[in-house]
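What follows is the content of structure21.cif, which has mmCIF, C-alpha atoms and all ligand atoms:
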```
data_final
#
loop_
_atom_site.group_PDB
_atom_site.id
_atom_site.type_symbol
_atom_site.label_atom_id
_atom_site.label_comp_id
_atom_site.auth_asym_id
_atom_site.auth_seq_id
_atom_site.Cartn_x
_atom_site.Cartn_y
_atom_site.Cartn_z
ATOM 1 C CA MET A 1 56.048 183.078 82.366
ATOM 2 C CA SER A 2 58.461 181.689 84.930
ATOM 3 C CA LEU A 3 62.201 182.169 85.344
ATOM 4 C CA LYS A 4 64.653 180.042 87.259
ATOM 5 C CA VAL A 5 67.371 182.183 88.826
ATOM 6 C CA THR A 6 70.517 180.560 90.262
ATOM 7 C CA VAL A 7 72.840 182.645 92.421
ATOM 8 C CA LEU A 8 76.250 181.461 91.235
ATOM 9 C CA GLY A 9 78.170 183.841 93.502
ATOM 10 C CA SER A 10 77.010 186.035 96.391
ATOM 11 C CA GLY A 11 80.317 187.370 97.702
ATOM 12 C CA THR A 12 82.134 190.662 97.493
ATOM 13 C CA SER A 13 85.240 191.171 95.364
ATOM 14 C CA HIS A 14 87.598 189.458 97.848
ATOM 15 C CA GLY A 15 85.319 186.436 98.213
ATOM 16 C CA VAL A 16 84.521 184.832 101.576
ATOM 17 C CA PRO A 17 86.636 183.461 103.187
ATOM 18 C CA ALA A 18 89.111 186.228 102.458
ATOM 19 C CA ILE A 19 92.730 185.256 101.990
ATOM 20 C CA GLY A 20 94.560 185.191 105.323
ATOM 21 C CA CYS A 21 91.583 186.269 107.458
ATOM 22 C CA ASP A 22 90.937 184.806 110.915
ATOM 23 C CA CYS A 23 87.487 186.328 111.513
ATOM 24 C CA PRO A 24 84.597 184.046 112.622
ATOM 25 C CA VAL A 25 82.792 184.212 109.261
ATOM 26 C CA CYS A 26 85.921 183.309 107.280
ATOM 27 C CA HIS A 27 86.326 180.325 109.650
ATOM 28 C CA SER A 28 82.619 179.409 109.674
ATOM 29 C CA THR A 29 81.663 175.804 108.926
ATOM 30 C CA ASP A 30 78.259 176.909 107.552
ATOM 31 C CA PRO A 31 78.422 176.414 103.746
ATOM 32 C CA HIS A 32 76.238 179.549 103.362
ATOM 33 C CA ASP A 33 79.251 181.534 104.556
ATOM 34 C CA ARG A 34 81.401 180.478 101.580
ATOM 35 C CA ARG A 35 80.822 183.126 98.921
ATOM 36 C CA THR A 36 82.325 183.303 95.450
ATOM 37 C CA ARG A 37 82.380 186.461 93.361
ATOM 38 C CA PRO A 38 79.023 187.828 92.161
ATOM 39 C CA SER A 39 77.088 186.369 89.261
ATOM 40 C CA ILE A 40 73.698 184.834 88.516
ATOM 41 C CA LEU A 41 72.320 182.526 85.839
ATOM 42 C CA ILE A 42 68.769 182.984 84.567
ATOM 43 C CA GLU A 43 66.937 180.178 82.807
ATOM 44 C CA LEU A 44 64.256 181.612 80.546
ATOM 45 C CA PRO A 45 60.950 179.882 79.898
ATOM 46 C CA ASP A 46 60.427 177.635 76.914
ATOM 47 C CA PRO A 47 60.514 179.869 73.795
ATOM 48 C CA ARG A 48 57.188 178.445 72.590
ATOM 49 C CA GLU A 49 55.603 179.938 75.710
ATOM 50 C CA ALA A 50 57.230 183.298 74.893
ATOM 51 C CA ALA A 51 56.233 183.151 71.222
ATOM 52 C CA ASP A 52 52.632 182.886 72.326
ATOM 53 C CA ARG A 53 53.099 186.262 73.986
ATOM 54 C CA GLY A 54 54.366 187.886 70.756
ATOM 55 C CA LEU A 55 57.855 188.591 72.072
ATOM 56 C CA ALA A 56 59.971 186.764 69.518
ATOM 57 C CA SER A 57 61.526 189.842 67.916
ATOM 58 C CA SER A 58 65.290 189.748 68.590
ATOM 59 C CA PRO A 59 67.755 187.839 66.363
ATOM 60 C CA PHE A 60 68.374 185.434 69.267
ATOM 61 C CA ALA A 61 64.722 185.225 70.179
ATOM 62 C CA ASN A 62 64.312 181.501 70.025
ATOM 63 C CA ALA A 63 67.852 180.308 70.674
ATOM 64 C CA VAL A 64 68.378 181.808 74.107
ATOM 65 C CA ARG A 65 67.460 179.817 77.208
ATOM 66 C CA GLN A 66 70.292 180.436 79.688
ATOM 67 C CA VAL A 67 71.448 183.991 80.378
ATOM 68 C CA LEU A 68 74.523 184.670 82.500
ATOM 69 C CA ILE A 69 74.872 188.021 84.269
ATOM 70 C CA ASP A 70 78.587 188.864 84.522
ATOM 71 C CA THR A 71 81.497 186.472 84.056
ATOM 72 C CA SER A 72 82.709 186.283 87.637
ATOM 73 C CA ILE A 73 86.363 185.584 88.283
ATOM 74 C CA ASP A 74 85.047 182.291 89.781
ATOM 75 C CA LEU A 75 83.037 181.318 86.680
ATOM 76 C CA ARG A 76 84.677 177.958 86.093
ATOM 77 C CA ALA A 77 84.174 176.803 89.692
ATOM 78 C CA GLN A 78 80.598 178.132 89.659
ATOM 79 C CA ALA A 79 79.730 176.327 86.415
ATOM 80 C CA LEU A 80 81.079 173.064 87.833
ATOM 81 C CA ALA A 81 79.330 173.511 91.204
ATOM 82 C CA ASN A 82 75.967 174.241 89.560
ATOM 83 C CA ASP A 83 76.342 171.942 86.526
ATOM 84 C CA VAL A 84 75.918 174.839 84.080
ATOM 85 C CA ARG A 85 76.067 173.323 80.596
ATOM 86 C CA ARG A 86 74.879 176.198 78.388
ATOM 87 C CA VAL A 87 75.365 179.948 78.271
ATOM 88 C CA ASP A 88 73.359 181.452 75.424
ATOM 89 C CA ALA A 89 73.909 185.135 76.248
ATOM 90 C CA ILE A 90 75.844 187.263 78.720
ATOM 91 C CA LEU A 91 74.726 190.571 80.253
ATOM 92 C CA PHE A 92 77.350 192.764 81.898
ATOM 93 C CA THR A 93 76.546 195.092 84.801
ATOM 94 C CA HIS A 94 79.975 196.783 84.725
ATOM 95 C CA THR A 95 83.595 195.739 84.256
ATOM 96 C CA HIS A 96 85.162 195.589 87.714
ATOM 97 C CA ALA A 97 87.566 192.658 87.975
ATOM 98 C CA ASP A 98 85.299 190.522 90.183
ATOM 99 C CA HIS A 99 82.583 190.662 87.480
ATOM 100 C CA VAL A 100 84.533 190.032 84.278
ATOM 101 C CA PHE A 101 87.743 188.105 84.852
ATOM 102 C CA GLY A 102 86.095 184.720 84.254
ATOM 103 C CA LEU A 103 85.379 185.685 80.641
ATOM 104 C CA ASP A 104 88.029 183.332 79.250
ATOM 105 C CA ASP A 105 86.145 180.378 80.747
ATOM 106 C CA VAL A 106 83.303 180.796 78.239
ATOM 107 C CA ARG A 107 85.550 179.051 75.668
ATOM 108 C CA ARG A 108 84.168 175.792 77.001
ATOM 109 C CA PHE A 109 80.599 176.867 76.205
ATOM 110 C CA ASN A 110 81.735 177.956 72.723
ATOM 111 C CA GLN A 111 83.151 174.462 72.189
ATOM 112 C CA MET A 112 80.075 172.625 73.435
ATOM 113 C CA GLN A 113 77.593 174.899 71.643
ATOM 114 C CA ARG A 114 79.685 175.368 68.490
ATOM 115 C CA SER A 115 78.729 179.027 68.357
ATOM 116 C CA ALA A 116 79.732 182.502 69.465
ATOM 117 C CA ILE A 117 77.993 183.941 72.525
ATOM 118 C CA PRO A 118 76.222 187.312 72.296
ATOM 119 C CA CYS A 119 77.292 189.737 75.055
ATOM 120 C CA PHE A 120 75.309 192.835 76.020
ATOM 121 C CA ALA A 121 76.716 195.838 77.884
ATOM 122 C CA ASP A 122 76.630 199.623 77.866
ATOM 123 C CA ALA A 123 79.078 201.609 75.714
ATOM 124 C CA ASP A 124 81.618 202.192 78.500
ATOM 125 C CA SER A 125 81.655 198.542 79.518
ATOM 126 C CA LEU A 126 82.106 197.418 75.903
ATOM 127 C CA SER A 127 85.106 199.681 75.448
ATOM 128 C CA ASN A 128 86.561 198.469 78.770
ATOM 129 C CA LEU A 129 86.076 194.836 77.720
ATOM 130 C CA ARG A 130 87.862 195.474 74.408
ATOM 131 C CA ARG A 131 90.775 197.038 76.309
ATOM 132 C CA MET A 132 90.937 194.589 79.245
ATOM 133 C CA PHE A 133 90.661 191.577 76.920
ATOM 134 C CA SER A 134 92.675 192.909 73.986
ATOM 135 C CA TYR A 135 93.995 189.386 73.363
ATOM 136 C CA ILE A 136 90.422 188.372 72.468
ATOM 137 C CA PHE A 137 89.509 191.352 70.324
ATOM 138 C CA GLU A 138 92.943 191.917 68.710
ATOM 139 C CA PRO A 139 93.949 188.270 68.517
ATOM 140 C CA PRO A 140 97.579 187.188 68.154
ATOM 141 C CA LYS A 141 98.707 185.107 65.168
ATOM 142 C CA GLN A 142 99.247 181.960 67.247
ATOM 143 C CA LEU A 143 95.982 180.914 68.923
ATOM 144 C CA GLY A 144 97.091 177.929 71.029
ATOM 145 C CA GLY A 145 94.228 177.016 73.361
ATOM 146 C CA GLY A 146 91.808 179.231 71.469
ATOM 147 C CA LEU A 147 89.931 182.386 72.289
ATOM 148 C CA PRO A 148 86.425 183.089 73.537
ATOM 149 C CA GLN A 149 84.064 183.575 70.594
ATOM 150 C CA LEU A 150 81.935 186.585 71.462
ATOM 151 C CA LEU A 151 79.549 188.957 69.717
ATOM 152 C CA LEU A 152 79.343 192.356 71.425
ATOM 153 C CA PHE A 153 76.132 194.375 71.465
ATOM 154 C CA ARG A 154 75.669 197.826 72.961
ATOM 155 C CA LEU A 155 72.679 198.218 75.236
ATOM 156 C CA ALA A 156 70.459 201.213 74.674
ATOM 157 C CA GLY A 157 67.263 200.469 76.559
ATOM 158 C CA ALA A 158 64.971 197.492 76.835
ATOM 159 C CA PHE A 159 65.406 194.568 74.453
ATOM 160 C CA SER A 160 64.296 190.972 74.281
ATOM 161 C CA LEU A 161 66.091 187.639 74.528
ATOM 162 C CA GLY A 162 64.434 184.269 74.250
ATOM 163 C CA GLY A 163 61.117 186.086 74.005
ATOM 164 C CA VAL A 164 61.575 187.758 77.389
ATOM 165 C CA GLU A 165 61.887 191.525 77.758
ATOM 166 C CA ILE A 166 65.069 192.619 79.541
ATOM 167 C CA VAL A 167 65.125 196.130 80.997
ATOM 168 C CA PRO A 168 68.541 197.630 81.853
ATOM 169 C CA ILE A 169 68.240 199.609 85.105
ATOM 170 C CA PRO A 170 70.680 202.552 85.455
ATOM 171 C CA LEU A 171 72.301 202.589 88.918
ATOM 172 C CA PHE A 172 75.220 204.296 90.607
ATOM 173 C CA HIS A 173 78.144 202.391 92.135
ATOM 174 C CA GLY A 174 79.781 205.371 93.830
ATOM 175 C CA ALA A 175 80.289 207.802 90.934
ATOM 176 C CA LEU A 176 80.307 204.980 88.360
ATOM 177 C CA PRO A 177 77.148 204.428 86.292
ATOM 178 C CA VAL A 178 76.385 200.693 86.164
ATOM 179 C CA LEU A 179 73.426 198.560 85.115
ATOM 180 C CA GLY A 180 71.005 196.346 86.934
ATOM 181 C CA PHE A 181 68.576 194.184 84.969
ATOM 182 C CA ARG A 182 64.847 193.533 85.230
ATOM 183 C CA LEU A 183 63.088 190.514 83.689
ATOM 184 C CA GLY A 184 59.380 190.413 84.438
ATOM 185 C CA SER A 185 58.819 190.637 88.188
ATOM 186 C CA PHE A 186 62.486 189.894 88.960
ATOM 187 C CA ALA A 187 65.367 192.378 89.249
ATOM 188 C CA TYR A 188 69.106 191.965 89.895
ATOM 189 C CA LEU A 189 70.819 195.074 91.261
ATOM 190 C CA THR A 190 74.378 194.194 92.217
ATOM 191 C CA ASP A 191 77.129 196.762 92.867
ATOM 192 C CA CYS A 192 75.230 199.944 93.640
ATOM 193 C CA ASN A 193 74.707 202.452 96.401
ATOM 194 C CA ARG A 194 72.222 204.758 94.688
ATOM 195 C CA ILE A 195 69.110 204.129 92.596
ATOM 196 C CA PRO A 196 67.979 207.200 90.632
ATOM 197 C CA ASP A 197 64.278 208.128 90.854
ATOM 198 C CA GLU A 198 63.733 207.200 87.179
ATOM 199 C CA SER A 199 65.106 203.743 87.907
ATOM 200 C CA PHE A 200 62.700 203.278 90.817
ATOM 201 C CA THR A 201 60.004 203.917 88.196
ATOM 202 C CA LEU A 202 61.482 201.144 86.005
ATOM 203 C CA LEU A 203 61.426 198.841 89.058
ATOM 204 C CA ALA A 204 57.742 199.373 89.886
ATOM 205 C CA GLY A 205 56.022 196.003 90.305
ATOM 206 C CA VAL A 206 59.190 193.996 90.965
ATOM 207 C CA ARG A 207 58.309 191.246 93.456
ATOM 208 C CA THR A 208 61.575 189.297 93.692
ATOM 209 C CA LEU A 209 64.717 191.352 94.154
ATOM 210 C CA ILE A 210 68.421 190.606 94.500
ATOM 211 C CA ILE A 211 70.277 193.709 95.665
ATOM 212 C CA ASP A 212 73.751 194.714 96.825
ATOM 213 C CA ALA A 213 74.257 194.803 100.635
ATOM 214 C CA LEU A 214 77.945 194.652 101.429
ATOM 215 C CA ARG A 215 77.918 194.963 105.233
ATOM 216 C CA GLN A 216 76.310 196.860 108.125
ATOM 217 C CA ARG A 217 78.705 199.830 108.003
ATOM 218 C CA PRO A 218 78.303 202.380 105.184
ATOM 219 C CA HIS A 219 80.582 202.079 102.144
ATOM 220 C CA SER A 220 81.380 204.591 99.400
ATOM 221 C CA THR A 221 80.247 202.363 96.502
ATOM 222 C CA HIS A 222 77.938 199.663 97.952
ATOM 223 C CA PHE A 223 74.645 199.716 99.842
ATOM 224 C CA SER A 224 74.831 198.811 103.519
ATOM 225 C CA VAL A 225 72.265 196.389 104.967
ATOM 226 C CA GLY A 226 70.156 199.318 106.219
ATOM 227 C CA GLU A 227 70.304 201.169 102.899
ATOM 228 C CA ALA A 228 69.490 198.044 100.894
ATOM 229 C CA THR A 229 66.570 197.238 103.211
ATOM 230 C CA ALA A 230 65.178 200.752 102.662
ATOM 231 C CA ALA A 231 65.619 200.508 98.871
ATOM 232 C CA ALA A 232 63.869 197.124 98.806
ATOM 233 C CA ALA A 233 60.984 198.552 100.838
ATOM 234 C CA ARG A 234 60.645 201.489 98.426
ATOM 235 C CA ILE A 235 60.587 199.066 95.465
ATOM 236 C CA GLY A 236 57.968 197.038 97.327
ATOM 237 C CA ALA A 237 59.516 193.626 96.670
ATOM 238 C CA GLU A 238 57.851 190.666 98.382
ATOM 239 C CA ARG A 239 61.095 188.666 98.502
ATOM 240 C CA THR A 240 64.504 190.355 98.752
ATOM 241 C CA TYR A 241 67.909 188.651 98.759
ATOM 242 C CA PHE A 242 71.125 190.494 99.533
ATOM 243 C CA THR A 243 74.272 189.838 97.515
ATOM 244 C CA HIS A 244 77.877 191.071 97.179
ATOM 245 C CA ILE A 245 78.242 190.207 100.863
ATOM 246 C CA CYS A 246 81.523 190.648 102.735
ATOM 247 C CA HIS A 247 82.884 188.687 105.701
ATOM 248 C CA ASP A 248 81.281 191.057 108.227
ATOM 249 C CA LEU A 249 77.943 189.238 107.763
ATOM 250 C CA GLY A 250 77.501 185.695 109.031
ATOM 251 C CA HIS A 251 74.616 184.049 107.175
ATOM 252 C CA ALA A 252 72.512 182.653 110.031
ATOM 253 C CA ALA A 253 72.903 185.559 112.480
ATOM 254 C CA THR A 254 72.297 188.199 109.807
ATOM 255 C CA CYS A 255 69.230 186.464 108.354
ATOM 256 C CA ALA A 256 67.751 186.230 111.880
ATOM 257 C CA SER A 257 68.087 190.005 112.248
ATOM 258 C CA LEU A 258 66.481 191.012 108.927
ATOM 259 C CA PRO A 259 62.826 192.006 108.408
ATOM 260 C CA ALA A 260 60.316 189.452 107.081
ATOM 261 C CA GLY A 261 60.816 188.815 103.362
ATOM 262 C CA VAL A 262 64.479 189.856 103.417
ATOM 263 C CA GLU A 263 67.408 187.437 103.643
ATOM 264 C CA LEU A 264 70.965 186.939 102.506
ATOM 265 C CA ALA A 265 71.473 185.159 99.205
ATOM 266 C CA TYR A 266 74.024 182.373 99.129
ATOM 267 C CA ASP A 267 75.966 180.511 96.468
ATOM 268 C CA GLY A 268 73.711 177.911 94.876
ATOM 269 C CA LEU A 269 70.430 179.558 95.900
ATOM 270 C CA VAL A 270 67.743 178.818 93.284
ATOM 271 C CA LEU A 271 64.697 181.057 92.951
ATOM 272 C CA ASP A 272 61.627 180.220 90.913
ATOM 273 C CA VAL A 273 60.177 183.513 89.780
ATOM 274 C CA ALA A 274 56.609 183.379 88.520
HETATM 275 ZN ZN ZN B 1 81.572 193.749 92.520
HETATM 276 ZN ZN ZN B 2 87.182 187.322 107.436
HETATM 277 ZN ZN ZN B 3 81.935 196.857 91.176
#
```

What does this structure look like when you write it as structure tokens?
Ligand SMILES: [Zn+2]
Ligand SMILES: [Zn+2]
Ligand SMILES: [Zn+2]
Amino acid sequence: MSLKVTVLGSGTSHGVPAIGCDCPVCHSTDPHDRRTRPSILIELPDPREAADRGLASSPFANAVRQVLIDTSIDLRAQALANDVRRVDAILFTHTHADHVFGLDDVRRFNQMQRSAIPCFADADSLSNLRRMFSYIFEPPKQLGGGLPQLLLFRLAGAFSLGGVEIVPIPLFHGALPVLGFRLGSFAYLTDCNRIPDESFTLLAGVRTLIIDALRQRPHSTHFSVGEATAAAARIGAERTYFTHICHDLGHAATCASLPAGVELAYDGLVLDVA
């Protein structure tokens, strides 16, 4: 089984450059220092390959190839920059504005695919989505430009999409419980500053990791570079990429300072995960 993971956005909630900032990173000419709000796209293997492994059990088992994690506020720009033409399912980590406010942009995928898109989140995130996007879930009489067509599903443990097992990983983002996701030997852990012991157990054997590392200084809801490096070492990942990066971290200088096997992600980074 192999997955193709595209980092659509690697920046913190403000994005980099930040509005009105004169710091060196916000003025950098290195394209790696331009970071949109956090999201990834995962392309699943051909469903025939998955069917051979006996994993075709979910209602969307054979229809799902492209899975989006979070609908970043920059979703439209990210889809154009990376030529994303399908979104077959959406997983939500949590409902902070930087992770969900691109949800309206999925209308275009509804139009092209002529179908609703299944969305998976925990119970709290689903109720937040219904409240934050009440115009979608309690639609007005006049529809105008149309509404996203979504099917909401509550996550309660591992499930499968496109024949691939997806394991929600409970994490803490300050006091807020959020989810990371594991698919095979790959895990995406954005927006967290604590991994419970039971979740380290769920992460055993992960070889390619994307994990939150906001900046060098500690933060109340995000891992620092040092904390994320220690978490990655405990997980034992062979390749680790930091995400949710703020303007404190210049790409080239920070990458040069990190241990072997650890680097900053960047917008447009593509990982082939065996
Ligand atoms: Zn965030
Ligand atoms: Zn700046
Ligand atoms: Zn957040």

Once you count only C-alpha atoms and all ligand atoms, which residues end up within 8 Å of ligand ZN 2 (chain B), and could you hand them over as an mmCIF file with C-alpha atoms, in the coordinates of the input?
```cif
data_model
loop_
_atom_site.group_PDB
_atom_site.id
_atom_site.type_symbol
_atom_site.label_atom_id
_atom_site.label_comp_id
_atom_site.auth_asym_id
_atom_site.auth_seq_id
_atom_site.Cartn_x
_atom_site.Cartn_y
_atom_site.Cartn_z
ATOM 1 C CA VAL A 16 84.521 184.832 101.576
ATOM 2 C CA PRO A 17 86.636 183.461 103.187
ATOM 3 C CA ALA A 18 89.111 186.228 102.458
ATOM 4 C CA GLY A 20 94.560 185.191 105.323
ATOM 5 C CA CYS A 21 91.583 186.269 107.458
ATOM 6 C CA ASP A 22 90.937 184.806 110.915
ATOM 7 C CA CYS A 23 87.487 186.328 111.513
ATOM 8 C CA PRO A 24 84.597 184.046 112.622
ATOM 9 C CA VAL A 25 82.792 184.212 109.261
ATOM 10 C CA CYS A 26 85.921 183.309 107.280
ATOM 11 C CA HIS A 27 86.326 180.325 109.650
ATOM 12 C CA HIS A 247 82.884 188.687 105.701
ATOM 13 C CA ASP A 248 81.281 191.057 108.227
#
```

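Near Gly9 of chain A, within 8 Å and counting only C-alpha atoms, sit A:Arg35, A:Thr36, A:Arg37, A:Pro38, A:Ser39, A:Ile40, A:Ser72, A:Asp74, A:Gln78, A:Tyr266, A:Asp267, A:Gly268; same-chain residues fewer than 6 positions away were not included.
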
Take the residues from that selection and put them in a file with C-alpha atoms, as a PDB file, in the coordinates of the input.
```pdb
ATOM      1  CA  ARG A  35      80.822 183.126  98.921  1.00  0.00           C
ATOM      2  CA  THR A  36      82.325 183.303  95.450  1.00  0.00           C
ATOM      3  CA  ARG A  37      82.380 186.461  93.361  1.00  0.00           C
ATOM      4  CA  PRO A  38      79.023 187.828  92.161  1.00  0.00           C
ATOM      5  CA  SER A  39      77.088 186.369  89.261  1.00  0.00           C
ATOM      6  CA  ILE A  40      73.698 184.834  88.516  1.00  0.00           C
ATOM      7  CA  SER A  72      82.709 186.283  87.637  1.00  0.00           C
ATOM      8  CA  ASP A  74      85.047 182.291  89.781  1.00  0.00           C
ATOM      9  CA  GLN A  78      80.598 178.132  89.659  1.00  0.00           C
ATOM     10  CA  TYR A 266      74.024 182.373  99.129  1.00  0.00           C
ATOM     11  CA  ASP A 267      75.966 180.511  96.468  1.00  0.00           C
ATOM     12  CA  GLY A 268      73.711 177.911  94.876  1.00  0.00           C
TER      13      GLY A 268
END
```

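Nearest residue to Leu214 of chain A, choosing from A:Ala175, A:Gly15, A:Leu44, A:Ala81 and counting only C-alpha atoms: A:Gly15.
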
Go through the chains and note each residue within 8 Å of ligand ZN 3 (chain B), using all atoms listed in the file, then give the set as a list in words.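 Counting only what the definition allows, namely all atoms listed in the file, the set is Ser13, His94, Thr95, His96, Ala97, Asp98, His99, His173, Asp191, Cys192 and Thr221 of chain A.
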
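With distances taken over all atoms listed in the file, A:Val7 is the one residue among A:Arg131, A:Val7, A:Arg234, A:Leu150 lying closest to Glu43 of chain A.
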
Exactly which residues make up the result of the PyMOL selection byres (((chain A and resi 84-91) around 7) and not hetatm) on this file, given as an MDAnalysis selection string? chainID A and resid 64:70 79:80 82:83 92:93 109 117:121

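Interatomic distance, atom CA of Thr208 of chain A against atom CA of Thr29 of chain A: 28.6 Å.
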
Starting from the point (74.4, 186.7, 109.0), work out which residues of protein, DNA or RNA have an atom no more than 12 Å away when counting all atoms listed in the file; state them as a PyMOL selection string. chain A and resi 24-25+28+30+32-34+213-216+225+242-243+245-258+262-266

Using only C-alpha atoms and all ligand atoms, which of A:Pro168, A:Gly11, A:Pro45, A:Gly261 sits nearest ligand ZN 1 (chain B)? A:Gly11

Apply the PyMOL selection byres (((chain A and resi 2) around 9) and not hetatm) to the displayed file and report the matching residues as a VMD selection string. chain A and resid 1 3 to 4 43 to 45 184 272 to 274

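Reported to one decimal place, the separation of atom CA of Arg76 of chain A from atom CA of Ser10 of chain A is 15.2 Å.
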
Which of these, A:Leu103, A:Ala233, A:Ile73, A:Ile136, has the shortest distance to ligand ZN 1 (chain B) once you count all atoms listed in the file?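 Among the listed residues, the smallest separation from ligand ZN 1 (chain B) belongs to A:Ile73.
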
Just to confirm, what's the straight-line distance from atom CA of Leu161 of chain A to atom CA of Gln149 of chain A in Å (one decimal)? 18.8 Å
